[in-house]
Structures are given as C-alpha cells and as structure tokens.
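Novice: Structure provided below as structure tokens; questions to follow.
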Amino acid sequence: GTPNQHMQQLVLNYEIPINKIPLFSFVKANYSYTGDYSWQRSSNALSQIEIGGVDYNLGNTVQNARSNTLNATFNMDMLYKYLGLTKNNAKVISKPKASAPKPGEKVVNNTAKPVAQNNEFVDGLMGVLTSVKNIQLNYTENSGTVLPGYTPSVGFFGSSKPTLGFIFGSQDDVRFEAAKNGWLTNYQDFNQNFSQVSNKMFKATANVDLFPDLKIDLNADRSYSENYSEQYDVTNGEYNSRSPYTYGLFSISTVLIKTSFSTSNEVSSVAFDEFRSNRLIVANRLASQRGIDVTNPANLDEEGYPLGYGKNNQAVLLPAFLAAYSGSSASGVSLGIFRSFPIPNWAVKYNGLMRYDLFKRNFKRFSLQHNYRASYTINQYRSNFDYDNDKNGVDASGNYLNKTIMSNINLVEQFSPLIRMDFELKSSLKILTEIKKDRALSMSFDNNLLTEVKGIEYVVGLGYRFKDVIFSSRLADNPSGIIKGDINMKADFSYRNNQTIVRYLDYDNNQLAGGQNIWSLKLTADYSFSKNLTAIFYYDHSFSKAVISTSFPLTNIRSGFTLRYNFGN
C-alpha cells in the first residue's frame with residue numbers, strides 16, 4: 001500500500017578504551033550516538049494545489065535528529081598512586097646485630113631505632129595536592145532538522161534520500177542539493193518553515209577531600225540552545241531563503257560572591273553605581289576595536305561616549321553589567337554575549353568538630369554546611385534583521401546595530417544555606433540553625449531597567465524525643481492494654497525578608513516596588529500506638545506583612561490531627 005509514515009533509528013554505544021593505556025588507567029569514558037530519521041506523508045487534502053491550471057505538489061515532511069553523548073569519570077586516587085603521590089611512611093633503619101660482648105667489654109644497645117619520621121609539612125602539602133578524588137564530565141549535543149515540502153516518497157525498507165548521512169542523523173545542509181534534484185516543492189507561496197535546532201549541554205562535578213571530615217562538591221554547567229527557521233521557495237532548481245530567524249537560550253554557572261554582601265538597598269547600591277561608571281570603559285574598548293580614535297573629540301557624543309557606542313547600546317550595557325555584579329574589572333571583562341567556560345559552584349560540609357573532646361562530651365553529632373549557586377542566563381536572544389541587511393548600520397539612537405538582540409538577562413545567586421549548624425546533644429535535644437540568602441537581578445535592555453529581588457531567611461529548628469511514654473488504651477496490640485512508645489516533637493521557626501527594588505539606569509530614582517516579611521512557626525508531634533497505627537499532631541502558623549503599604553497583612557493558621565495506619569507487617 002501507500003506508505004504514510006516511516007521511522008528509523010541508529011544507536012551506537014562505545015566504551016572508549018583509553019584506560020588500557022597505563023598512564024590513563026584512571027579514566028573511564030563512554031560515548032553514545034543516536035541518529036533518528038522520519039518521513040511523514042502529507043494529508044490527501046493538502047498534498048496538492050491547483051492554480052491557473054497548474055498542479056503543485058506540496059510535498060511531504062522529512063526530519064532527522066542526532067544526539068552525541070560523552071561521559072568521562074576520573075578516579076584521581078588511581079592517578080596519584082600511579083604517579084607516586086602518596087604520604088611517606090616512617091622509615092626504620094636497623095643496625096647489624098652485634099656479636100656477644102667479651103669479658104670486661106662495655107655493652108652497647110643496638111636496638112633498631114627510627115631515624116627518619118614523617119614530615120608533617122610534606123604530608124599536609126601532599127594531602128592538598130591529592131585532595132581532588134573524583135571528577136565527572138558529561139557533554140551532550142542534540143540537534144535536528146525539519147524539511148517540509150519534500151516530494152519523493154519512501155520505499156518499504158526506507159530510503160537513502162535526500163542523503164545517506166541525513167537519514168542517519170547528519171546535520172549537513174541538504175536544502176540546496178534537494179532543490180537541485182527537484183525534490184522540493186516549487187509552489188511559490190509555500191509557507192511551512194524549514195527549521196533546525198541545536199542544544200549543547202556540559203556539566204562537570206568534582207569531589208574534594210581537603211581535610212579529614214571536610215567534604216567539598218564542585219559543580220559547573222553550561223547550556224546553549226539555538227533554533228533556526230526560515231521560509232523558502234524554489235525557482236529553476238535553486239533554493240531561495242526567505243525571512244531567516246534565529247533565537248535561543250543560554251545559561252552558565254558563574255560566581256558573584258564579590259558583590260554578595262555589598263551595600264544594596266532602595267537608597268543606594270555600590271554595584272549599580274559601578275555598573276553606571278563601567279559603561280564608558282566598555283564603550284571605549286568597543287570603539288577602539290572598531291578603529292575609532294576615542295581621543296578625538298569629533299568622535300565623541302555630548303556625554304563623552306564614542307559615536308555608535310552610546311551609554312544605552314546593548315553591546316556596552318551587557319559587559320558593564322556583568323563586570324559590576326561579578327566584581328571584575330570593566331577593562332578586562334569579555335565583550336561577547338556568550339561565556340565559554342563555566343565557573344564552578346560549591347557545596348561544603350564539615351563534621352570534624354566531633355574529633356575534639358569538648359564536642360564528644362556534649363554532642364552526639366555536629367555538622368556545618370554551606371552551599372553556593374549562581375548563574376548567568378539569557379532568557380531569549382534573537383537575530384537582528386536590520387544587522388543582516390546592513391552590518392555597519394545604526395539605529396534611531398545612532399548606535400551601531402548588534403548582530404544578536406536580547407530583551408533581558410538574569411543573574412541569580414543563592415546561598416542555600418549561607419551557614420547551617422545541625423547538632424544533637426547527649427540529652428537527645430536536636431537543634432538546627434540556618435541562614436539563607438538569595439538575590440536575582442534582571443536587566444531589561446528594552447527600558448534600561450534593573451529589577452533586583454533579594455531575600456534573607458533565618459531558621460531555628462528544635463527536636464526532642466520523649467522516650468517510653470505509657471498510655472492505657474484499647475488500641476494497644478497486647479493483652480495488657482498498655483501502650484509504650486516515644487513522642488517525637490519538632491518545632492521550626494523561620495523569618496524571611498523579601499525586597500524588590502527597581503533601579504533606573506538613566507536617572508536616580510530607585511524604588512522599593514514590593515516584598516514582605518514572613519514569620520512562620522511549624523509544630524509536629526507523633527506517637528505510635530502500635531507498629532501499624534501512628535497519630536500525628538500538627539500546627540502551622542504564618543504571618544506576612546508587606547514592606548509597602550499597598551498590601552494588607554496576612555495570617556494563616558493550619559492545625560489538626562492525622563491518623564496513619566499501615567496495612568501489612
């Protein structure tokens with residue numbers, strides 16, 4: 001019969017034998033490739049159109065996809081052992097056994113003695129050099145192509161058209177060759193889009209044991225997505241591109257800690273002031289790259305900025321913004337939109353205080369924790385049609401056109417937690433104290449407006465177990481009617497302050513646009529009447545008050561009992 005749809009897939013998995021080389025025995029790497037191809041027949045109603053007595057074949061749709069994945073794991077302990085980077089053990093040098101002493105001869109003690117001991121400095125240095133224990137790298141690249149208006153059909157066992165590479169996932173351009181061979185519709189008003197998509201994702205993690213009981217996890221990631229689409233027409237076997245358009249997303253891990261604790265309120269902001277002053281430095285760098293003499297007053301506008309690179313040019317604002325809030329120099333910051341190398345974030349946990357007698361006497365456990373995460377994200381970038389038409393053109397403000405346009409970019413930072421202490425006393429009293437801090441910066445290039453949302457939260461948690469609490473009840477699962485169990489009680493109190501501040505780049509008018517103070521208390525208590533039946537009491541109380549007068553205070557109270565029965569053993 002007539003085929004309606006055809007799909008095929010090629011999957012290749014390969015374990016890279018790099019670990020067969022002794023020097024690289026610590027590396028384990030795997031590669032996988034997936035190639036997809038599909039042919040979709042058009043509907044009978046839309047397969048052809050007649051205009052002026054000429055029948056036009058609107059064609060079918062072919063598409064393919066390709067996925068490349070590379071995973072690599074590095075066991076660093078194996079590398080250190082191979083290189084001999086291990087701590088030295090104490091060496092013992094023995095003197096040869098002496099013969100029996102002669103009468104009247106003095107006896108000399110020839111017992112073996114250690115003449116060389118561990119060097120603590122060398123061992124400490126070696127511990128630092130070998131602190132990285134495991135590294136894992138993951139890279140994935142997904143891409144695909146959709147080509148509508150494709151006229152050939154497909155055989156029962158598939159096809160090798162438009163190219164053999166295309167049906168196995170290759171992303172080589174097949175548009176022009178397909179048009180030359182007459183495989184694309186020649187209907188001039190064909191309006192389905194040719195499109196391509198590409199996603200590249202990289203992630204790296206590392207485990208670091210710098211000191212005993214100190215664990216550090218490092219994480220870095222980068223994500224890049226690009227979508228391309230266009231309409232087309234075919235005339236005399238020639239493919240003509242119409243209205244090409246590119247858009248996508250971008251995100252990368254970064255570090256903003258240099259400005260995390262600088263002054264930032266509705267009155268002033270150190271980083272925002274730095275942002276303003278950075279603009280002239282970046283503008284002069286861009287102008288110099290273009291060959292403009294920034295020392296010549298004829299090449300400057302009335303505010304001292306180079307012509308074509310005014311203070312509101314996107315190419316000027318982006319590097320100036322990133323330099324200010326990352327705490328780096330505007331004279332050395334990258335001028336591009338996309339960053340190539342992600343900066344690692346971290347998670348730190350320390351349990352070493354339990355090694356000291358003071359903590360051993362008073363605590364069952366004691367741990368400290370700190371996490372940091374920050375990212376630079378472009379929600380959507382898109383191609384500039386005006387730039388494609390005239391690469392040296394200027395906009396209505398006299399600024400040079402940018403190849404890529406962005407509406408806004410975001411910098412997000414989280415200390416979750418900034419510091420956390422979790423410990424349990426010998427009396428079984430559990431205490432948790434935690435401070436969290438976060439901020440989100442959204443810079444709009446449409447109206448030169450910076451929105452800063454920041455928050456800080458304090459949490460105190462208490463927990464205690466009342467052991468062997470006795471009740472007399474028919475619910476008991478024993479003949480005596482006595483229930484004996486533990487009451488577990490938990491109480492968590494938190495306070496969080498949120499603020500939303502709007503900053504105008506062109507004039508001094510910072511505004512506190514929103515936010516609230518939130519107090520919360522959560523109590524829970526549970527008791528097991530039997531191994532299957534548990535009663536839980538809960539009480540949640542929260543109160544919020546807006547930082548501006550446009551909202552009313554709000555109180556929520558939620559309380560009750562829960563009975564939970566588990567069927568079975």
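Quick note on naming: the chains in the structure tokens go A, B, ... in the order shown, residues restart at 1 in each chain, and ligands are numbered from 1 in order of appearance.
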For A:Lys403, find every residue with an atom within 7 Å (counting only C-alpha atoms), except residues of its own chain fewer than 3 positions away, and show them as a list in words.
Specialist: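 Near A:Lys403, the qualifying residues are Ser383, Asn384 and Tyr387 of chain A.
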Novice: Which residues of stretch 423-515 of chain A come within 9 Å of stretch 267-291 of chain A, and what is each one's closest atom pair and distance in Å (one decimal), counting only C-alpha atoms, sorted by chain and residue number, as a tab-separated table?
Specialist:
```
residue	atom	partner	partner_atom	distance
A:Leu450	CA	A:Phe272	CA	9.0
A:Arg503	CA	A:Phe272	CA	8.3
A:Leu505	CA	A:Arg276	CA	7.2
A:Asp506	CA	A:Arg276	CA	8.9
A:Asn509	CA	A:Val267	CA	8.9
A:Asn510	CA	A:Val267	CA	6.6
A:Gln511	CA	A:Val267	CA	8.3
```
Novice: Take the residues from that selection and write them out as a PDB file, in the first residue's frame, keeping N, CA and C atoms.
Specialist:
```
ATOM      1  N   LEU A 450      16.649  47.897  35.851  1.00  0.00           N
ATOM      2  CA  LEU A 450      17.183  46.767  36.603  1.00  0.00           C
ATOM      3  C   LEU A 450      16.248  46.447  37.760  1.00  0.00           C
ATOM      4  N   ARG A 503      15.597  49.816  39.784  1.00  0.00           N
ATOM      5  CA  ARG A 503      16.611  50.857  39.607  1.00  0.00           C
ATOM      6  C   ARG A 503      16.583  51.326  38.150  1.00  0.00           C
ATOM      7  N   LEU A 505      18.409  53.214  35.129  1.00  0.00           N
ATOM      8  CA  LEU A 505      19.795  53.442  34.744  1.00  0.00           C
ATOM      9  C   LEU A 505      20.043  54.890  34.326  1.00  0.00           C
ATOM     10  N   ASP A 506      19.071  55.540  33.728  1.00  0.00           N
ATOM     11  CA  ASP A 506      19.283  56.864  33.150  1.00  0.00           C
ATOM     12  C   ASP A 506      19.100  58.004  34.142  1.00  0.00           C
ATOM     13  N   ASN A 509      16.385  57.189  40.581  1.00  0.00           N
ATOM     14  CA  ASN A 509      15.018  57.003  41.053  1.00  0.00           C
ATOM     15  C   ASN A 509      14.815  55.544  41.445  1.00  0.00           C
ATOM     16  N   ASN A 510      15.551  55.119  42.486  1.00  0.00           N
ATOM     17  CA  ASN A 510      15.370  53.762  42.986  1.00  0.00           C
ATOM     18  C   ASN A 510      14.045  53.663  43.723  1.00  0.00           C
ATOM     19  N   GLN A 511      13.324  52.567  43.497  1.00  0.00           N
ATOM     20  CA  GLN A 511      12.019  52.391  44.123  1.00  0.00           C
ATOM     21  C   GLN A 511      11.906  51.015  44.754  1.00  0.00           C
TER      22      GLN A 511
END
```
Novice: Could you check how far atom CA of A:Ser444 sits from atom CA of A:Asn410, in Å to one decimal?
Specialist: 9.0 Å
Novice: Neighbouring residues of A:Leu23 were defined as those with any atom within 9 Å, considering only C-alpha atoms; residues of the same chain fewer than 5 positions away were excluded. Please report them as a PyMOL selection string.
Specialist: chain A and resi 79+82-83
Novice: Can you write out the residues you just picked, keeping N, CA, C and O atoms, as a short mmCIF file (atom, residue, chain, number, x, y, z; two decimals), in the first residue's frame?
Specialist:
```cif
data_model
loop_
_atom_site.label_atom_id
_atom_site.label_comp_id
_atom_site.auth_asym_id
_atom_site.auth_seq_id
_atom_site.Cartn_x
_atom_site.Cartn_y
_atom_site.Cartn_z
N LEU A 79 45.31 7.81 39.81
CA LEU A 79 46.36 8.61 39.18
C LEU A 79 47.46 8.96 40.19
O LEU A 79 48.65 8.87 39.88
N TYR A 82 49.60 6.01 40.74
CA TYR A 82 50.48 5.75 39.59
C TYR A 82 51.66 6.71 39.57
O TYR A 82 52.79 6.33 39.23
N LEU A 83 51.42 7.97 39.96
CA LEU A 83 52.48 8.98 39.96
C LEU A 83 53.33 8.96 41.23
O LEU A 83 54.31 9.70 41.32
#
```
Novice: Give me the residues within 10 Å of A:Ala315 as an MDAnalysis selection string, counting only C-alpha atoms and dropping any in the same chain fewer than 4 places off.
Specialist: chainID A and resid 279 282:283 286 309:311 319:320 335:337 399:405
Novice: Hey, can you spit out that residue selection with N, CA and C atoms as a compact mmCIF listing (two decimals), in the first residue's frame?
Specialist:
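What follows is the written file part_25.txt:
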```txt
# COMPACT_ATOMS: atom_id res chain seq x y z
N ARG A 279 30.24 51.73 31.96
CA ARG A 279 29.76 51.87 30.58
C ARG A 279 30.77 52.61 29.70
N VAL A 282 33.79 50.32 28.82
CA VAL A 282 33.45 49.30 27.82
C VAL A 282 33.23 49.95 26.45
N ALA A 283 32.58 51.10 26.41
CA ALA A 283 32.33 51.79 25.14
C ALA A 283 33.64 52.15 24.45
N LEU A 286 35.15 48.97 22.89
CA LEU A 286 34.46 48.57 21.66
C LEU A 286 34.82 49.49 20.51
N TYR A 309 28.59 53.94 19.98
CA TYR A 309 28.60 53.13 21.20
C TYR A 309 28.17 54.01 22.38
N GLY A 310 26.93 54.48 22.31
CA GLY A 310 26.38 55.31 23.36
C GLY A 310 26.15 54.53 24.64
N LYS A 311 25.76 55.24 25.69
CA LYS A 311 25.63 54.62 27.02
C LYS A 311 24.51 53.59 27.10
N PRO A 319 28.45 43.92 28.99
CA PRO A 319 29.72 43.71 29.70
C PRO A 319 29.85 44.58 30.94
N ALA A 320 29.33 45.82 30.88
CA ALA A 320 29.41 46.69 32.04
C ALA A 320 28.61 46.13 33.21
N LEU A 335 33.78 40.94 26.10
CA LEU A 335 32.80 41.80 25.43
C LEU A 335 31.73 41.00 24.70
N GLY A 336 31.86 39.68 24.66
CA GLY A 336 30.88 38.85 23.97
C GLY A 336 29.66 38.57 24.82
N ILE A 337 28.65 38.01 24.17
CA ILE A 337 27.41 37.68 24.87
C ILE A 337 27.54 36.35 25.60
N ASN A 399 23.33 54.32 17.50
CA ASN A 399 24.20 53.23 17.93
C ASN A 399 24.35 52.20 16.83
N TYR A 400 25.55 51.60 16.75
CA TYR A 400 25.76 50.54 15.78
C TYR A 400 24.83 49.37 16.07
N LEU A 401 24.35 48.74 15.00
CA LEU A 401 23.45 47.60 15.15
C LEU A 401 24.20 46.41 15.72
N ASN A 402 23.50 45.64 16.54
CA ASN A 402 24.07 44.42 17.11
C ASN A 402 23.54 43.21 16.36
N LYS A 403 24.41 42.24 16.17
CA LYS A 403 24.03 41.04 15.43
C LYS A 403 22.95 40.26 16.17
N THR A 404 23.05 40.24 17.49
CA THR A 404 22.10 39.50 18.31
C THR A 404 21.42 40.46 19.28
N ILE A 405 20.12 40.30 19.42
CA ILE A 405 19.33 41.17 20.29
C ILE A 405 18.83 40.36 21.49
```
Novice: List the spatial neighbours of A:Gly514 as a PDB file with N, CA and C atoms, in the first residue's frame - criterion: any atom at most 8 Å away, only C-alpha atoms, same-chain residues fewer than 4 positions off excluded.
Specialist:
```
ATOM      1  N   GLN A 499      12.628  41.659  49.367  1.00  0.00           N
ATOM      2  CA  GLN A 499      12.507  43.016  48.847  1.00  0.00           C
ATOM      3  C   GLN A 499      12.690  43.007  47.340  1.00  0.00           C
ATOM      4  N   THR A 500      11.886  43.794  46.655  1.00  0.00           N
ATOM      5  CA  THR A 500      12.019  44.001  45.215  1.00  0.00           C
ATOM      6  C   THR A 500      12.312  45.481  44.978  1.00  0.00           C
ATOM      7  N   ILE A 501      13.491  45.749  44.408  1.00  0.00           N
ATOM      8  CA  ILE A 501      13.927  47.123  44.181  1.00  0.00           C
ATOM      9  C   ILE A 501      14.098  47.340  42.683  1.00  0.00           C
ATOM     10  N   ALA A 546       3.567  43.108  54.224  1.00  0.00           N
ATOM     11  CA  ALA A 546       4.216  43.701  53.064  1.00  0.00           C
ATOM     12  C   ALA A 546       5.112  44.865  53.490  1.00  0.00           C
ATOM     13  N   VAL A 547       6.208  45.064  52.738  1.00  0.00           N
ATOM     14  CA  VAL A 547       7.128  46.155  53.059  1.00  0.00           C
ATOM     15  C   VAL A 547       6.634  47.486  52.506  1.00  0.00           C
ATOM     16  N   ILE A 548       5.620  47.430  51.660  1.00  0.00           N
ATOM     17  CA  ILE A 548       4.992  48.660  51.171  1.00  0.00           C
ATOM     18  C   ILE A 548       3.525  48.639  51.603  1.00  0.00           C
TER      19      ILE A 548
END
```
Novice: At a cut-off of 8 Å, using only C-alpha atoms, what residues contact stretch 204-218 of chain A? Leave out same-chain residues fewer than 5 positions from it and give the result as a list of chain:residue names.
Specialist: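 Final neighbour list, sorted by chain and number: A:Gly127, A:Val128, A:Ser131, A:Val132, A:Lys133, A:Asn134, A:Ile135, A:Gln136, A:Leu137, A:Asn138, A:Pro344, A:Asn345, A:Trp346, A:Ala347, A:Val348, A:Lys349, A:Tyr350, A:Asn351, A:Gly352.
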Novice: Got time to write the residues from that selection, N, CA, C and O atoms, as a PDB file, in the first residue's frame?
Specialist:
```pdb
ATOM      1  N   GLY A 127      48.607  16.086  50.983  1.00  0.00           N
ATOM      2  CA  GLY A 127      47.165  15.954  51.137  1.00  0.00           C
ATOM      3  C   GLY A 127      46.400  16.976  50.318  1.00  0.00           C
ATOM      4  O   GLY A 127      45.353  16.682  49.756  1.00  0.00           O
ATOM      5  N   VAL A 128      46.940  18.202  50.245  1.00  0.00           N
ATOM      6  CA  VAL A 128      46.297  19.241  49.441  1.00  0.00           C
ATOM      7  C   VAL A 128      46.402  18.906  47.961  1.00  0.00           C
ATOM      8  O   VAL A 128      45.431  19.047  47.197  1.00  0.00           O
ATOM      9  N   SER A 131      43.888  16.213  47.008  1.00  0.00           N
ATOM     10  CA  SER A 131      42.572  16.386  47.630  1.00  0.00           C
ATOM     11  C   SER A 131      41.422  16.094  46.671  1.00  0.00           C
ATOM     12  O   SER A 131      40.336  15.705  47.100  1.00  0.00           O
ATOM     13  N   VAL A 132      41.618  16.286  45.379  1.00  0.00           N
ATOM     14  CA  VAL A 132      40.559  16.001  44.409  1.00  0.00           C
ATOM     15  C   VAL A 132      40.473  14.495  44.213  1.00  0.00           C
ATOM     16  O   VAL A 132      41.445  13.857  43.794  1.00  0.00           O
ATOM     17  N   LYS A 133      39.322  13.925  44.513  1.00  0.00           N
ATOM     18  CA  LYS A 133      39.188  12.468  44.491  1.00  0.00           C
ATOM     19  C   LYS A 133      38.507  11.947  43.234  1.00  0.00           C
ATOM     20  O   LYS A 133      38.937  10.961  42.658  1.00  0.00           O
ATOM     21  N   ASN A 134      37.436  12.577  42.830  1.00  0.00           N
ATOM     22  CA  ASN A 134      36.697  12.112  41.649  1.00  0.00           C
ATOM     23  C   ASN A 134      36.267  13.305  40.813  1.00  0.00           C
ATOM     24  O   ASN A 134      35.854  14.334  41.349  1.00  0.00           O
ATOM     25  N   ILE A 135      36.345  13.155  39.513  1.00  0.00           N
ATOM     26  CA  ILE A 135      35.885  14.160  38.561  1.00  0.00           C
ATOM     27  C   ILE A 135      34.989  13.466  37.544  1.00  0.00           C
ATOM     28  O   ILE A 135      35.340  12.394  37.033  1.00  0.00           O
ATOM     29  N   GLN A 136      33.860  14.077  37.262  1.00  0.00           N
ATOM     30  CA  GLN A 136      32.950  13.517  36.262  1.00  0.00           C
ATOM     31  C   GLN A 136      32.560  14.604  35.273  1.00  0.00           C
ATOM     32  O   GLN A 136      32.157  15.695  35.664  1.00  0.00           O
ATOM     33  N   LEU A 137      32.689  14.299  33.991  1.00  0.00           N
ATOM     34  CA  LEU A 137      32.347  15.225  32.921  1.00  0.00           C
ATOM     35  C   LEU A 137      31.253  14.616  32.058  1.00  0.00           C
ATOM     36  O   LEU A 137      31.328  13.440  31.693  1.00  0.00           O
ATOM     37  N   ASN A 138      30.256  15.414  31.729  1.00  0.00           N
ATOM     38  CA  ASN A 138      29.161  14.974  30.862  1.00  0.00           C
ATOM     39  C   ASN A 138      28.904  16.033  29.803  1.00  0.00           C
ATOM     40  O   ASN A 138      28.693  17.205  30.136  1.00  0.00           O
ATOM     41  N   PRO A 344      32.915  27.055  38.577  1.00  0.00           N
ATOM     42  CA  PRO A 344      32.280  26.098  39.495  1.00  0.00           C
ATOM     43  C   PRO A 344      31.606  26.761  40.683  1.00  0.00           C
ATOM     44  O   PRO A 344      32.084  27.753  41.229  1.00  0.00           O
ATOM     45  N   ASN A 345      30.477  26.202  41.091  1.00  0.00           N
ATOM     46  CA  ASN A 345      29.837  26.496  42.365  1.00  0.00           C
ATOM     47  C   ASN A 345      30.194  25.381  43.341  1.00  0.00           C
ATOM     48  O   ASN A 345      30.835  24.403  42.949  1.00  0.00           O
ATOM     49  N   TRP A 346      29.757  25.500  44.588  1.00  0.00           N
ATOM     50  CA  TRP A 346      30.251  24.545  45.571  1.00  0.00           C
ATOM     51  C   TRP A 346      29.223  24.253  46.656  1.00  0.00           C
ATOM     52  O   TRP A 346      28.289  25.005  46.894  1.00  0.00           O
ATOM     53  N   ALA A 347      29.462  23.100  47.301  1.00  0.00           N
ATOM     54  CA  ALA A 347      28.713  22.691  48.491  1.00  0.00           C
ATOM     55  C   ALA A 347      29.737  22.137  49.476  1.00  0.00           C
ATOM     56  O   ALA A 347      30.531  21.253  49.128  1.00  0.00           O
ATOM     57  N   VAL A 348      29.731  22.667  50.709  1.00  0.00           N
ATOM     58  CA  VAL A 348      30.741  22.315  51.709  1.00  0.00           C
ATOM     59  C   VAL A 348      30.040  21.738  52.937  1.00  0.00           C
ATOM     60  O   VAL A 348      29.043  22.285  53.405  1.00  0.00           O
ATOM     61  N   LYS A 349      30.588  20.633  53.448  1.00  0.00           N
ATOM     62  CA  LYS A 349      30.077  20.029  54.679  1.00  0.00           C
ATOM     63  C   LYS A 349      31.245  19.606  55.547  1.00  0.00           C
ATOM     64  O   LYS A 349      32.187  18.978  55.067  1.00  0.00           O
ATOM     65  N   TYR A 350      31.159  19.948  56.857  1.00  0.00           N
ATOM     66  CA  TYR A 350      32.253  19.659  57.778  1.00  0.00           C
ATOM     67  C   TYR A 350      31.707  18.999  59.036  1.00  0.00           C
ATOM     68  O   TYR A 350      30.797  19.520  59.680  1.00  0.00           O
ATOM     69  N   ASN A 351      32.277  17.829  59.384  1.00  0.00           N
ATOM     70  CA  ASN A 351      31.890  17.084  60.577  1.00  0.00           C
ATOM     71  C   ASN A 351      33.052  16.913  61.546  1.00  0.00           C
ATOM     72  O   ASN A 351      32.952  16.161  62.512  1.00  0.00           O
ATOM     73  N   GLY A 352      34.149  17.602  61.303  1.00  0.00           N
ATOM     74  CA  GLY A 352      35.379  17.349  62.053  1.00  0.00           C
ATOM     75  C   GLY A 352      35.379  17.825  63.490  1.00  0.00           C
ATOM     76  O   GLY A 352      36.282  17.453  64.254  1.00  0.00           O
TER      77      GLY A 352
END
```
Novice: Give the strand (DSSP E) residues of stretch 104-272 of chain A, as assigned by DSSP on the backbone, as a PyMOL selection string.
Specialist: chain A and resi 113-116+132-150+194-211+214-235+238-253
Novice: Restricting the calculation to only C-alpha atoms: of A:Tyr504, A:Ser251, A:Asp395, A:Asp357, which residue gets closest to A:Val412?
Specialist: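 That would be A:Ser251, the residue with the smallest distance to A:Val412.
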Novice: One decimal, Å: what's the distance from atom CA of A:Asp293 over to atom CA of A:Gly332, could you say?
Specialist: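 For atom CA of A:Asp293 relative to atom CA of A:Gly332, the distance reads 19.4 Å.
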Novice: If you count only C-alpha atoms, which residues fall within 7 Å of A:Gln380, apart from same-chain ones fewer than 2 positions away, as a PDB file with N, CA, C and O atoms, in the first residue's frame?
Specialist:
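Once written, selection.pdb looks like this:
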```pdb
ATOM      1  N   TYR A 247      16.813  32.203  17.199  1.00  0.00           N
ATOM      2  CA  TYR A 247      16.561  32.548  18.591  1.00  0.00           C
ATOM      3  C   TYR A 247      17.029  31.390  19.465  1.00  0.00           C
ATOM      4  O   TYR A 247      17.259  30.271  18.984  1.00  0.00           O
ATOM      5  N   GLY A 248      17.192  31.661  20.740  1.00  0.00           N
ATOM      6  CA  GLY A 248      17.654  30.593  21.612  1.00  0.00           C
ATOM      7  C   GLY A 248      17.774  31.026  23.058  1.00  0.00           C
ATOM      8  O   GLY A 248      17.390  32.138  23.447  1.00  0.00           O
ATOM      9  N   LEU A 249      18.324  30.125  23.871  1.00  0.00           N
ATOM     10  CA  LEU A 249      18.512  30.328  25.303  1.00  0.00           C
ATOM     11  C   LEU A 249      19.957  30.037  25.656  1.00  0.00           C
ATOM     12  O   LEU A 249      20.636  29.251  24.979  1.00  0.00           O
ATOM     13  N   ILE A 378      20.458  34.032  29.754  1.00  0.00           N
ATOM     14  CA  ILE A 378      19.770  34.840  28.749  1.00  0.00           C
ATOM     15  C   ILE A 378      18.477  34.105  28.421  1.00  0.00           C
ATOM     16  O   ILE A 378      18.502  33.018  27.850  1.00  0.00           O
ATOM     17  N   ARG A 382      17.839  36.690  19.998  1.00  0.00           N
ATOM     18  CA  ARG A 382      17.296  36.530  18.653  1.00  0.00           C
ATOM     19  C   ARG A 382      18.151  37.308  17.658  1.00  0.00           C
ATOM     20  O   ARG A 382      18.860  38.252  18.026  1.00  0.00           O
ATOM     21  N   MET A 406      18.883  40.986  22.660  1.00  0.00           N
ATOM     22  CA  MET A 406      18.358  40.373  23.878  1.00  0.00           C
ATOM     23  C   MET A 406      17.367  41.319  24.529  1.00  0.00           C
ATOM     24  O   MET A 406      17.571  42.537  24.524  1.00  0.00           O
TER      25      MET A 406
END
```
